[in-house]
Structures are given as C-alpha cells and as structure tokens.
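Okay, run_17.cif is below, mmCIF, C-alpha atoms (C1' of nucleotides):
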data_target
loop_
_atom_site.label_atom_id
_atom_site.label_comp_id
_atom_site.auth_asym_id
_atom_site.auth_seq_id
_atom_site.Cartn_x
_atom_site.Cartn_y
_atom_site.Cartn_z
CA MET N 205 -22.40 19.91 5.38
CA GLU N 206 -20.55 17.31 3.46
CA ASN N 207 -18.94 14.17 4.70
CA LYS N 208 -15.36 15.26 4.10
CA LEU N 209 -15.85 18.57 5.81
CA ALA N 210 -17.44 16.86 8.79
CA VAL N 211 -14.49 14.48 8.99
CA GLN N 212 -12.13 17.43 8.93
CA LEU N 213 -13.95 19.14 11.79
CA LEU N 214 -14.20 15.93 13.76
CA SER N 215 -10.54 15.10 13.22
CA SER N 216 -9.55 18.48 14.48
CA ILE N 217 -11.13 17.85 17.89
CA ALA N 218 -10.60 14.08 17.98
CA GLN N 219 -7.32 14.60 19.75
CA GLU N 220 -6.78 15.12 23.43
CA ALA N 221 -4.69 18.26 23.30
CA ARG N 222 -6.92 19.88 20.72
CA LEU N 223 -10.15 19.03 22.47
CA GLU N 224 -8.72 20.56 25.64
CA ILE N 225 -7.63 23.64 23.76
CA PHE N 226 -11.03 24.04 22.18
CA ARG N 227 -12.87 23.61 25.45
CA LEU N 228 -10.57 26.06 27.16
CA LEU N 229 -11.31 28.59 24.44
CA VAL N 230 -15.04 28.01 24.78
CA GLN N 231 -14.70 28.80 28.48
CA ALA N 232 -12.62 31.85 27.71
CA GLY N 233 -15.43 33.34 25.68
CA ALA N 234 -15.28 35.96 22.97
CA GLU N 235 -12.09 37.59 24.16
CA GLY N 236 -10.20 34.33 23.85
CA LEU N 237 -6.71 33.58 25.08
CA ALA N 238 -3.21 34.27 23.85
CA ALA N 239 -1.25 31.27 22.57
CA GLY N 240 1.22 31.58 25.41
CA ALA N 241 -1.54 31.52 28.01
CA ILE N 242 -3.01 28.39 26.48
CA GLY N 243 0.35 26.65 26.45
CA GLU N 244 1.00 27.59 30.04
CA LYS N 245 -2.39 26.46 31.22
CA LEU N 246 -2.28 23.15 29.38
CA LYS N 247 1.47 22.54 29.65
CA ILE N 248 2.04 22.22 25.96
CA PRO N 249 5.38 23.20 24.36
CA ALA N 250 5.12 26.20 22.07
CA SER N 251 5.82 24.42 18.81
CA THR N 252 3.43 21.59 19.58
CA LEU N 253 0.75 24.06 20.54
CA SER N 254 1.29 26.02 17.37
CA PHE N 255 0.81 22.85 15.36
CA HIS N 256 -2.50 22.12 17.08
CA LEU N 257 -3.73 25.70 16.83
CA LYS N 258 -3.08 25.58 13.13
CA GLU N 259 -5.12 22.40 12.80
CA LEU N 260 -8.05 23.91 14.65
CA SER N 261 -7.81 27.12 12.65
CA PHE N 262 -7.66 25.26 9.38
CA ALA N 263 -10.79 23.38 10.29
CA GLY N 264 -12.44 26.70 11.13
CA LEU N 265 -13.13 25.80 14.73
CA ILE N 266 -11.13 28.69 16.13
CA SER N 267 -10.04 32.08 14.92
CA SER N 268 -7.23 34.38 15.85
CA ARG N 269 -6.51 38.05 16.11
CA GLN N 270 -3.32 39.83 16.89
CA VAL N 271 -3.09 42.08 19.92
CA SER N 272 0.29 43.68 20.12
CA ARG N 273 2.80 40.85 20.33
CA PHE N 274 0.19 38.33 21.38
CA ILE N 275 -2.08 36.28 19.20
CA TYR N 276 -5.47 35.66 20.76
CA TYR N 277 -7.37 32.58 19.81
CA SER N 278 -11.09 32.16 20.33
CA ALA N 279 -13.65 29.44 19.70
CA ASN N 280 -15.93 29.53 16.67
CA TYR N 281 -19.31 28.47 17.99
CA GLU N 282 -20.98 28.52 14.57
CA ALA N 283 -18.61 25.92 13.11
CA MET N 284 -19.22 23.64 16.05
CA ASN N 285 -22.96 24.12 15.81
CA GLY N 286 -22.87 23.27 12.14
CA LEU N 287 -21.08 20.06 12.94
CA LEU N 288 -23.55 19.16 15.68
CA ALA N 289 -26.41 19.80 13.29
CA TYR N 290 -24.83 17.51 10.74
CA LEU N 291 -24.45 14.74 13.26
CA THR N 292 -28.07 14.95 14.31
CA MET R 276 -18.24 12.43 30.01
CA GLU R 277 -14.53 12.67 30.25
CA ASN R 278 -12.11 14.10 27.79
CA LYS R 279 -10.48 10.82 26.85
CA LEU R 280 -13.77 9.10 26.26
CA ALA R 281 -14.96 11.98 24.10
CA VAL R 282 -11.76 11.76 22.07
CA GLN R 283 -12.33 8.06 21.60
CA LEU R 284 -15.87 8.61 20.34
CA LEU R 285 -14.79 11.46 18.13
CA SER R 286 -11.86 9.50 16.70
CA SER R 287 -14.15 6.67 15.81
CA ILE R 288 -16.23 8.86 13.52
CA ALA R 289 -13.47 11.22 12.43
CA GLN R 290 -12.73 9.00 9.48
CA GLU R 291 -14.51 9.01 6.17
CA ALA R 292 -15.32 5.32 5.91
CA ARG R 293 -16.47 5.14 9.51
CA LEU R 294 -18.60 8.25 9.36
CA GLU R 295 -20.29 6.82 6.26
CA ILE R 296 -20.83 3.50 7.98
CA PHE R 297 -22.31 5.18 11.01
CA ARG R 298 -24.63 7.37 8.99
CA LEU R 299 -25.73 4.40 6.91
CA LEU R 300 -26.57 2.54 10.11
CA VAL R 301 -28.49 5.52 11.46
CA GLN R 302 -30.59 5.44 8.28
CA ALA R 303 -31.03 1.70 8.57
CA GLY R 304 -32.70 2.13 11.94
CA ALA R 305 -33.06 -0.39 14.73
CA GLU R 306 -32.86 -3.46 12.53
CA GLY R 307 -29.45 -2.45 11.28
CA LEU R 308 -27.52 -3.97 8.41
CA ALA R 309 -25.37 -7.04 7.95
CA ALA R 310 -21.66 -6.46 7.52
CA GLY R 311 -21.77 -7.74 3.97
CA ALA R 312 -24.55 -5.37 3.03
CA ILE R 313 -22.58 -2.44 4.43
CA GLY R 314 -19.48 -3.45 2.52
CA GLU R 315 -21.40 -3.84 -0.68
CA LYS R 316 -23.18 -0.54 -0.33
CA LEU R 317 -20.04 1.41 0.54
CA LYS R 318 -17.59 -0.59 -1.57
CA ILE R 319 -15.30 -1.47 1.27
CA PRO R 320 -13.26 -4.72 1.27
CA ALA R 321 -14.30 -7.16 3.97
CA SER R 322 -11.17 -6.98 6.08
CA THR R 323 -11.06 -3.20 5.98
CA LEU R 324 -14.71 -3.02 6.89
CA SER R 325 -14.22 -5.40 9.77
CA PHE R 326 -11.45 -3.18 11.08
CA HIS R 327 -13.70 -0.13 11.01
CA LEU R 328 -16.65 -1.93 12.52
CA LYS R 329 -14.44 -3.00 15.37
CA GLU R 330 -13.37 0.58 15.96
CA LEU R 331 -16.95 1.81 16.05
CA SER R 332 -18.01 -1.04 18.32
CA PHE R 333 -15.13 -0.46 20.68
CA ALA R 334 -16.13 3.17 20.99
CA GLY R 335 -19.67 2.04 21.72
CA LEU R 336 -21.19 3.85 18.77
CA ILE R 337 -22.61 0.73 17.20
CA SER R 338 -23.66 -2.69 18.43
CA SER R 339 -24.00 -6.03 16.76
CA ARG R 340 -26.13 -9.12 16.93
CA GLN R 341 -25.83 -12.38 15.13
CA VAL R 342 -28.62 -13.52 12.85
CA SER R 343 -27.83 -16.87 11.37
CA ARG R 344 -24.63 -16.47 9.41
CA PHE R 345 -24.95 -12.70 9.27
CA ILE R 346 -23.88 -10.17 11.81
CA TYR R 347 -26.15 -7.18 11.96
CA TYR R 348 -24.77 -3.87 13.06
CA SER R 349 -26.88 -0.98 14.27
CA ALA R 350 -26.25 2.56 15.47
CA ASN R 351 -26.20 3.41 19.16
CA TYR R 352 -28.06 6.67 19.41
CA GLU R 353 -27.45 7.11 23.13
CA ALA R 354 -23.68 7.09 22.76
CA MET R 355 -23.89 9.72 20.06
CA ASN R 356 -26.29 11.82 22.11
CA GLY R 357 -23.93 11.65 25.06
CA LEU R 358 -21.13 12.92 22.88
CA LEU R 359 -23.25 15.75 21.51
CA ALA R 360 -24.22 16.72 25.04
CA TYR R 361 -20.57 16.83 26.04
CA LEU R 362 -19.69 19.04 23.11
CA THR R 363 -22.40 21.55 23.95
"C1'" DA B 276 19.24 49.83 15.75
"C1'" DC B 277 18.89 46.80 19.64
"C1'" DA B 278 17.07 43.81 23.06
"C1'" DT B 279 13.11 41.34 24.54
"C1'" DT B 280 9.27 38.51 24.17
"C1'" DA B 281 5.63 35.81 21.45
"C1'" DT B 282 4.76 32.80 18.08
"C1'" DT B 283 5.66 30.13 14.09
"C1'" DT B 284 8.30 27.29 10.83
"C1'" DC B 285 11.63 23.77 10.02
"C1'" DT B 286 13.21 19.37 10.79
"C1'" DA B 287 13.74 14.80 12.31
"C1'" DT B 288 11.69 11.22 14.65
"C1'" DA B 289 8.23 8.53 16.87
"C1'" DT B 290 3.72 6.88 17.02
"C1'" DT B 291 -0.68 5.83 15.43
"C1'" DT B 292 -3.90 4.58 12.03
"C1'" DA B 293 -5.54 2.63 7.58
"C1'" DT B 294 -5.42 -0.71 3.86
"C1'" DG B 295 -6.37 -5.11 1.89
"C1'" DG B 296 -4.89 -9.96 0.56
"C1'" DA B 297 -4.61 -14.46 2.44
"C1'" DA B 298 -5.72 -17.56 5.82
"C1'" DA B 299 -8.60 -18.83 9.65
"C1'" DT B 300 -12.99 -19.22 11.94
"C1'" DA B 301 -18.00 -19.61 12.26
"C1'" DT B 302 -22.62 -20.81 10.82
"C1'" DA B 303 -25.82 -23.37 8.46
"C1'" DG B 304 -27.94 -26.10 4.74
"C1'" DA B 305 -27.57 -30.46 1.87
"C1'" DT D 8 -19.51 -34.59 6.92
"C1'" DC D 9 -18.95 -31.73 2.98
"C1'" DT D 10 -19.67 -27.36 0.89
"C1'" DA D 11 -20.87 -22.70 0.56
"C1'" DT D 12 -21.07 -18.27 2.48
"C1'" DA D 13 -20.15 -14.55 6.09
"C1'" DT D 14 -17.07 -12.46 8.84
"C1'" DT D 15 -12.91 -11.92 11.29
"C1'" DT D 16 -7.94 -12.23 12.32
"C1'" DC D 17 -3.25 -12.05 10.82
"C1'" DC D 18 0.19 -9.76 8.62
"C1'" DA D 19 2.95 -6.59 6.08
"C1'" DT D 20 2.99 -2.27 4.32
"C1'" DA D 21 1.69 2.42 3.47
"C1'" DA D 22 0.13 6.77 4.91
"C1'" DA D 23 -1.06 10.16 8.17
"C1'" DT D 24 -0.43 12.42 12.51
"C1'" DA D 25 1.97 14.02 16.77
"C1'" DT D 26 6.00 15.59 19.23
"C1'" DA D 27 9.33 18.96 20.51
"C1'" DG D 28 14.01 21.26 20.02
"C1'" DA D 29 16.28 24.71 17.39
"C1'" DA D 30 16.14 28.32 14.35
"C1'" DA D 31 13.51 31.88 12.15
"C1'" DT D 32 10.13 35.48 12.09
"C1'" DA D 33 7.29 39.15 14.01
"C1'" DA D 34 6.03 42.93 17.08
"C1'" DT D 35 7.12 46.18 20.49
"C1'" DG D 36 9.38 49.47 23.53
"C1'" DT D 37 13.83 51.88 24.46
#
Take the structure in the file and write it out as structure tokens.
Amino acid sequence: MENKLAVQLLSSIAQEARLEIFRLLVQAGAEGLAAGAIGEKLKIPASTLSFHLKELSFAGLISSRQVSRFIYYSANYEAMNGLLAYLT
Amino acid sequence: MENKLAVQLLSSIAQEARLEIFRLLVQAGAEGLAAGAIGEKLKIPASTLSFHLKELSFAGLISSRQVSRFIYYSANYEAMNGLLAYLT
DNA sequence: ACATTATTTCTATATTTATGGAAATATAGA
DNA sequence: TCTATATTTCCATAAATATAGAAATAATGT
C-alpha cells in the first residue's frame, strides 16, 4: 500500500461520525444496514450522512447495494485489513 | 479505547507529512531522530515540521527527549498498537 | 400517472487544519 | 558574554473538510 492511499483510508475513518458509522457497519455484518437505519441510529441528518457514506465508499472501506428503495451499506473488512497491515 | 481518542490518533496520522514522519521514526527505532534530521530527510520547513511533531506528540504517537541542542523524537509503538487493537 | 418514501445532490456557511516566513526562545561552545 | 545552531511560537493566509436545509432524483406500490 502506498502512503497516499493509506492517508486516504485513514482520513476516511479519522472523523467521529465516520468511525461510528464504520463500526456500526462492522457490527451489522455482511447484510449491512440501510442508510436510513444508520442515520436513525446515530442521529445524523440525511444529507450529512450521505456525505460521510460517500467518503467511506470512495476510500473503499464500505460498499453498497440497492434493495428495493433502500440502499444497504456494509463494511469492507479487506480494505481495513490492508490498512492495518500497512501500519504494522 | 474510546471513539474520540481513536479519532485523535487516526487524525494525527491521516496526513501525508505526519504519516511519513511517523514511519520514518518507526524505522529509526528507539534512538529516534532529531527534528532537524527529520526535516532534512523529508524536506519539510522547520515551522511546518514543528507543527506536525506537536500534533503527533499530543496524540501520544511519538515522544521526545532533549539531547544537547537537539530534540530527538521517537515512535510510540504502544499507542499505535492500542489503536490497531481498537480497530480490530 | 400519482403519491410515498429513501437517498442523494446542490448550495451556502462554518469550522478545522495546513503552510511557512519572521521573530522568539533555548542550548551550548568559544 | 557573544555567537552559532536548533527548535518552537506567532501570525496571517490558504486550503480542505463538515454541516444541514432545500430541492432533486430514484424506486416502488396503487
């Protein structure tokens, strides 16, 4: 992994809301959680949440899939493991 | 470890210059490196470097000790390990 | 087609963080 | 004490990031 990529991954979770979101998604497991459920659980306004989800997605730490009108987000363990490996 | 503390640690290395500094100090081992040597190696102006070193110190990721006119900085492995543990 | 619900994009604004020159401070040798 | 060198603090400025309301888009069932 390269420095810049590592910084991107780190930046994406170096933020309270995003770290909470990520950890919540880790707990949620493979099925993940719909955006609305995340926002409700963490009390984050929809547009703010969307901004953070985009950041995490862009960094590759989470992925999403559409289920009817909902968009389910789930944690990407591999990306996180890659980061941990780089830091060690 | 608590969320806010983790964010603080993450923020301190979620920055290109600081991640480079930290990694350089990990390589340097227990003896560490003087501020000037770090700045020279990484081509960072003194005042900018000082700012970043303060950030890393504040987060507890590095520590410093004075040796004559030099200030040697070294990596704090424990802090990093604590962070990694939290993220896993 | 319409109404409903979920999510995102747009936009402005606020806040935080980074940068580096100049001046100040600290340490030590002559 | 004077001088040289190392590092930090001060300061202004620039750049990046976060926030959230309002409007737009998307998906679905009726």
Produce a table with one row for each residue of chain N that has an atom at most 8 Å from any atom of chain B, each row naming the nearest atom pair and its distance in Å at one decimal; use only C-alpha atoms (C1' of nucleotides); arrange rows by chain and rising residue number; format as a tab-separated table.
residue	atom	partner	partner_atom	distance
N:Ala239	CA	B:DT282	C1'	7.7
N:Gly240	CA	B:DA281	C1'	7.3
N:Ala250	CA	B:DT282	C1'	7.7
N:Ser251	CA	B:DT283	C1'	7.4
N:Ser254	CA	B:DT283	C1'	6.8
N:Arg273	CA	B:DA281	C1'	5.9
N:Phe274	CA	B:DA281	C1'	6.0
N:Ile275	CA	B:DT282	C1'	7.8
(message) Using all atoms listed in the file, can you tell me which of N:Arg222, N:Lys245, N:Lys208, N:Arg227 comes closest to chain D?
(response)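 The shortest atom-to-atom distance to chain D comes from N:Arg222.
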(request) Counting all atoms listed in the file, find the residues whose atoms lie at most 12 Å from (-12.0, -2.1, 11.4) (file coordinates) and write them out as a ChimeraX atom specification. (result) /R:287-288,290,292-293,296,310,314,319-334 /B:292-295 /D:14-16
Would you mind exporting the chosen residues as a short mmCIF file (atom, residue, chain, number, x, y, z; two decimals), in the coordinates of the input, restricted to C-alpha atoms (C1' of nucleotides)?
data_model
loop_
_atom_site.label_atom_id
_atom_site.label_comp_id
_atom_site.auth_asym_id
_atom_site.auth_seq_id
_atom_site.Cartn_x
_atom_site.Cartn_y
_atom_site.Cartn_z
CA SER R 287 -14.15 6.67 15.81
CA ILE R 288 -16.23 8.86 13.52
CA GLN R 290 -12.73 9.00 9.48
CA ALA R 292 -15.32 5.32 5.91
CA ARG R 293 -16.47 5.14 9.51
CA ILE R 296 -20.83 3.50 7.98
CA ALA R 310 -21.66 -6.46 7.52
CA GLY R 314 -19.48 -3.45 2.52
CA ILE R 319 -15.30 -1.47 1.27
CA PRO R 320 -13.26 -4.72 1.27
CA ALA R 321 -14.30 -7.16 3.97
CA SER R 322 -11.17 -6.98 6.08
CA THR R 323 -11.06 -3.20 5.98
CA LEU R 324 -14.71 -3.02 6.89
CA SER R 325 -14.22 -5.40 9.77
CA PHE R 326 -11.45 -3.18 11.08
CA HIS R 327 -13.70 -0.13 11.01
CA LEU R 328 -16.65 -1.93 12.52
CA LYS R 329 -14.44 -3.00 15.37
CA GLU R 330 -13.37 0.58 15.96
CA LEU R 331 -16.95 1.81 16.05
CA SER R 332 -18.01 -1.04 18.32
CA PHE R 333 -15.13 -0.46 20.68
CA ALA R 334 -16.13 3.17 20.99
"C1'" DT B 292 -3.90 4.58 12.03
"C1'" DA B 293 -5.54 2.63 7.58
"C1'" DT B 294 -5.42 -0.71 3.86
"C1'" DG B 295 -6.37 -5.11 1.89
"C1'" DT D 14 -17.07 -12.46 8.84
"C1'" DT D 15 -12.91 -11.92 11.29
"C1'" DT D 16 -7.94 -12.23 12.32
#
Please write out chain N, superposed on chain R by least squares over all C-alpha atoms matched in order, as a PDB file with C-alpha atoms, in the coordinates of the input.
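Written output follows (out.pdb):
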ATOM      1  CA  MET N 205     -18.234  12.421  29.980  1.00  0.00           C
ATOM      2  CA  GLU N 206     -14.529  12.682  30.242  1.00  0.00           C
ATOM      3  CA  ASN N 207     -12.091  14.112  27.792  1.00  0.00           C
ATOM      4  CA  LYS N 208     -10.460  10.825  26.844  1.00  0.00           C
ATOM      5  CA  LEU N 209     -13.751   9.107  26.265  1.00  0.00           C
ATOM      6  CA  ALA N 210     -14.939  11.983  24.108  1.00  0.00           C
ATOM      7  CA  VAL N 211     -11.741  11.769  22.075  1.00  0.00           C
ATOM      8  CA  GLN N 212     -12.308   8.063  21.607  1.00  0.00           C
ATOM      9  CA  LEU N 213     -15.847   8.608  20.345  1.00  0.00           C
ATOM     10  CA  LEU N 214     -14.784  11.471  18.127  1.00  0.00           C
ATOM     11  CA  SER N 215     -11.858   9.524  16.706  1.00  0.00           C
ATOM     12  CA  SER N 216     -14.126   6.681  15.833  1.00  0.00           C
ATOM     13  CA  ILE N 217     -16.229   8.857  13.517  1.00  0.00           C
ATOM     14  CA  ALA N 218     -13.456  11.234  12.437  1.00  0.00           C
ATOM     15  CA  GLN N 219     -12.736   9.024   9.478  1.00  0.00           C
ATOM     16  CA  GLU N 220     -14.503   9.014   6.164  1.00  0.00           C
ATOM     17  CA  ALA N 221     -15.320   5.337   5.921  1.00  0.00           C
ATOM     18  CA  ARG N 222     -16.474   5.149   9.511  1.00  0.00           C
ATOM     19  CA  LEU N 223     -18.604   8.257   9.354  1.00  0.00           C
ATOM     20  CA  GLU N 224     -20.286   6.827   6.262  1.00  0.00           C
ATOM     21  CA  ILE N 225     -20.818   3.515   7.982  1.00  0.00           C
ATOM     22  CA  PHE N 226     -22.309   5.182  11.018  1.00  0.00           C
ATOM     23  CA  ARG N 227     -24.630   7.360   8.985  1.00  0.00           C
ATOM     24  CA  LEU N 228     -25.733   4.402   6.924  1.00  0.00           C
ATOM     25  CA  LEU N 229     -26.563   2.539  10.116  1.00  0.00           C
ATOM     26  CA  VAL N 230     -28.498   5.508  11.460  1.00  0.00           C
ATOM     27  CA  GLN N 231     -30.570   5.441   8.276  1.00  0.00           C
ATOM     28  CA  ALA N 232     -31.031   1.710   8.571  1.00  0.00           C
ATOM     29  CA  GLY N 233     -32.694   2.110  11.934  1.00  0.00           C
ATOM     30  CA  ALA N 234     -33.073  -0.408  14.717  1.00  0.00           C
ATOM     31  CA  GLU N 235     -32.870  -3.471  12.521  1.00  0.00           C
ATOM     32  CA  GLY N 236     -29.460  -2.446  11.248  1.00  0.00           C
ATOM     33  CA  LEU N 237     -27.519  -3.989   8.401  1.00  0.00           C
ATOM     34  CA  ALA N 238     -25.371  -7.059   7.953  1.00  0.00           C
ATOM     35  CA  ALA N 239     -21.637  -6.458   7.533  1.00  0.00           C
ATOM     36  CA  GLY N 240     -21.750  -7.767   3.993  1.00  0.00           C
ATOM     37  CA  ALA N 241     -24.534  -5.374   3.042  1.00  0.00           C
ATOM     38  CA  ILE N 242     -22.583  -2.444   4.422  1.00  0.00           C
ATOM     39  CA  GLY N 243     -19.465  -3.437   2.522  1.00  0.00           C
ATOM     40  CA  GLU N 244     -21.405  -3.839  -0.683  1.00  0.00           C
ATOM     41  CA  LYS N 245     -23.173  -0.536  -0.330  1.00  0.00           C
ATOM     42  CA  LEU N 246     -20.041   1.410   0.539  1.00  0.00           C
ATOM     43  CA  LYS N 247     -17.590  -0.596  -1.577  1.00  0.00           C
ATOM     44  CA  ILE N 248     -15.308  -1.472   1.264  1.00  0.00           C
ATOM     45  CA  PRO N 249     -13.272  -4.716   1.266  1.00  0.00           C
ATOM     46  CA  ALA N 250     -14.339  -7.152   3.957  1.00  0.00           C
ATOM     47  CA  SER N 251     -11.214  -6.979   6.076  1.00  0.00           C
ATOM     48  CA  THR N 252     -11.078  -3.199   5.971  1.00  0.00           C
ATOM     49  CA  LEU N 253     -14.726  -3.002   6.898  1.00  0.00           C
ATOM     50  CA  SER N 254     -14.224  -5.396   9.762  1.00  0.00           C
ATOM     51  CA  PHE N 255     -11.446  -3.191  11.082  1.00  0.00           C
ATOM     52  CA  HIS N 256     -13.688  -0.123  11.012  1.00  0.00           C
ATOM     53  CA  LEU N 257     -16.665  -1.928  12.521  1.00  0.00           C
ATOM     54  CA  LYS N 258     -14.465  -3.003  15.373  1.00  0.00           C
ATOM     55  CA  GLU N 259     -13.376   0.579  15.979  1.00  0.00           C
ATOM     56  CA  LEU N 260     -16.949   1.809  16.067  1.00  0.00           C
ATOM     57  CA  SER N 261     -18.003  -1.054  18.315  1.00  0.00           C
ATOM     58  CA  PHE N 262     -15.139  -0.459  20.685  1.00  0.00           C
ATOM     59  CA  ALA N 263     -16.130   3.157  20.997  1.00  0.00           C
ATOM     60  CA  GLY N 264     -19.690   2.033  21.714  1.00  0.00           C
ATOM     61  CA  LEU N 265     -21.187   3.849  18.762  1.00  0.00           C
ATOM     62  CA  ILE N 266     -22.610   0.713  17.196  1.00  0.00           C
ATOM     63  CA  SER N 267     -23.664  -2.690  18.402  1.00  0.00           C
ATOM     64  CA  SER N 268     -24.004  -6.034  16.742  1.00  0.00           C
ATOM     65  CA  ARG N 269     -26.151  -9.103  16.914  1.00  0.00           C
ATOM     66  CA  GLN N 270     -25.855 -12.355  15.100  1.00  0.00           C
ATOM     67  CA  VAL N 271     -28.645 -13.530  12.836  1.00  0.00           C
ATOM     68  CA  SER N 272     -27.846 -16.894  11.396  1.00  0.00           C
ATOM     69  CA  ARG N 273     -24.608 -16.488   9.471  1.00  0.00           C
ATOM     70  CA  PHE N 274     -24.939 -12.730   9.291  1.00  0.00           C
ATOM     71  CA  ILE N 275     -23.863 -10.172  11.822  1.00  0.00           C
ATOM     72  CA  TYR N 276     -26.149  -7.161  11.949  1.00  0.00           C
ATOM     73  CA  TYR N 277     -24.754  -3.867  13.043  1.00  0.00           C
ATOM     74  CA  SER N 278     -26.874  -0.984  14.260  1.00  0.00           C
ATOM     75  CA  ALA N 279     -26.251   2.554  15.460  1.00  0.00           C
ATOM     76  CA  ASN N 280     -26.204   3.412  19.155  1.00  0.00           C
ATOM     77  CA  TYR N 281     -28.079   6.686  19.396  1.00  0.00           C
ATOM     78  CA  GLU N 282     -27.468   7.089  23.131  1.00  0.00           C
ATOM     79  CA  ALA N 283     -23.678   7.094  22.754  1.00  0.00           C
ATOM     80  CA  MET N 284     -23.900   9.719  20.057  1.00  0.00           C
ATOM     81  CA  ASN N 285     -26.273  11.818  22.116  1.00  0.00           C
ATOM     82  CA  GLY N 286     -23.926  11.647  25.060  1.00  0.00           C
ATOM     83  CA  LEU N 287     -21.131  12.922  22.889  1.00  0.00           C
ATOM     84  CA  LEU N 288     -23.254  15.753  21.514  1.00  0.00           C
ATOM     85  CA  ALA N 289     -24.210  16.728  25.040  1.00  0.00           C
ATOM     86  CA  TYR N 290     -20.571  16.821  26.033  1.00  0.00           C
ATOM     87  CA  LEU N 291     -19.695  19.057  23.134  1.00  0.00           C
ATOM     88  CA  THR N 292     -22.426  21.524  23.974  1.00  0.00           C
TER      89      THR N 292
END
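If you take all atoms listed in the file and a cut-off of 8 Å, the residues of chain N that reach chain R are N:Asn207, N:Lys208, N:Ala210, N:Val211, N:Gln212, N:Leu213, N:Leu214, N:Ser215, N:Ile217, N:Ala218, N:Gln219, N:Glu220, N:Leu223, N:Glu224, N:Leu288.
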(request) For each of R:Leu336, R:Ala354, R:Leu300, R:Ala309, take the minimum atom-to-atom distance to chain D, counting only C-alpha atoms (C1' of nucleotides), then give the residue where this is smallest. (result)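 Of R:Leu336, R:Ala354, R:Leu300, R:Ala309, the one nearest chain D is R:Ala309, counting only C-alpha atoms (C1' of nucleotides).
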Padding 4 Å on every side, please: axis-aligned box over the listed atoms of segment 283-293 of chain B, centre and edge lengths to one decimal in Å, as AutoDock Vina command-line options.
--center_x 4.1 --center_y 16.4 --center_z 12.3 --size_x 27.3 --size_y 35.5 --size_z 17.4
(request) Taking the file above as input, evaluate the PyMOL selection byres ((chain D and resi 34) around 8) and report the hits as a PyMOL selection string. (result) (chain N and resi 272-273) or (chain D and resi 33+35)
(request) Decode the PyMOL selection byres ((chain D) within 12 of (chain N)) for the given file into explicit residues and return them as number ranges by chain. (result) D: 23-30, 33-36
Dump C-alpha atoms (C1' of nucleotides) for the selected residues as a PDB file, keeping the file's coordinate frame?
ATOM      1  C1'  DA D  23      -1.060  10.160   8.170  1.00  0.00           C
ATOM      2  C1'  DT D  24      -0.430  12.420  12.510  1.00  0.00           C
ATOM      3  C1'  DA D  25       1.970  14.020  16.770  1.00  0.00           C
ATOM      4  C1'  DT D  26       6.000  15.590  19.230  1.00  0.00           C
ATOM      5  C1'  DA D  27       9.330  18.960  20.510  1.00  0.00           C
ATOM      6  C1'  DG D  28      14.010  21.260  20.020  1.00  0.00           C
ATOM      7  C1'  DA D  29      16.280  24.710  17.390  1.00  0.00           C
ATOM      8  C1'  DA D  30      16.140  28.320  14.350  1.00  0.00           C
ATOM      9  C1'  DA D  33       7.290  39.150  14.010  1.00  0.00           C
ATOM     10  C1'  DA D  34       6.030  42.930  17.080  1.00  0.00           C
ATOM     11  C1'  DT D  35       7.120  46.180  20.490  1.00  0.00           C
ATOM     12  C1'  DG D  36       9.380  49.470  23.530  1.00  0.00           C
TER      13       DG D  36
END
(request) Can you pull out every residue within 6 Å of Tyr347 of chain R, counting only C-alpha atoms (C1' of nucleotides), but drop anything in the same chain fewer than 3 positions away, and send it as a PyMOL selection string? (result) chain R and resi 307-309+339-340
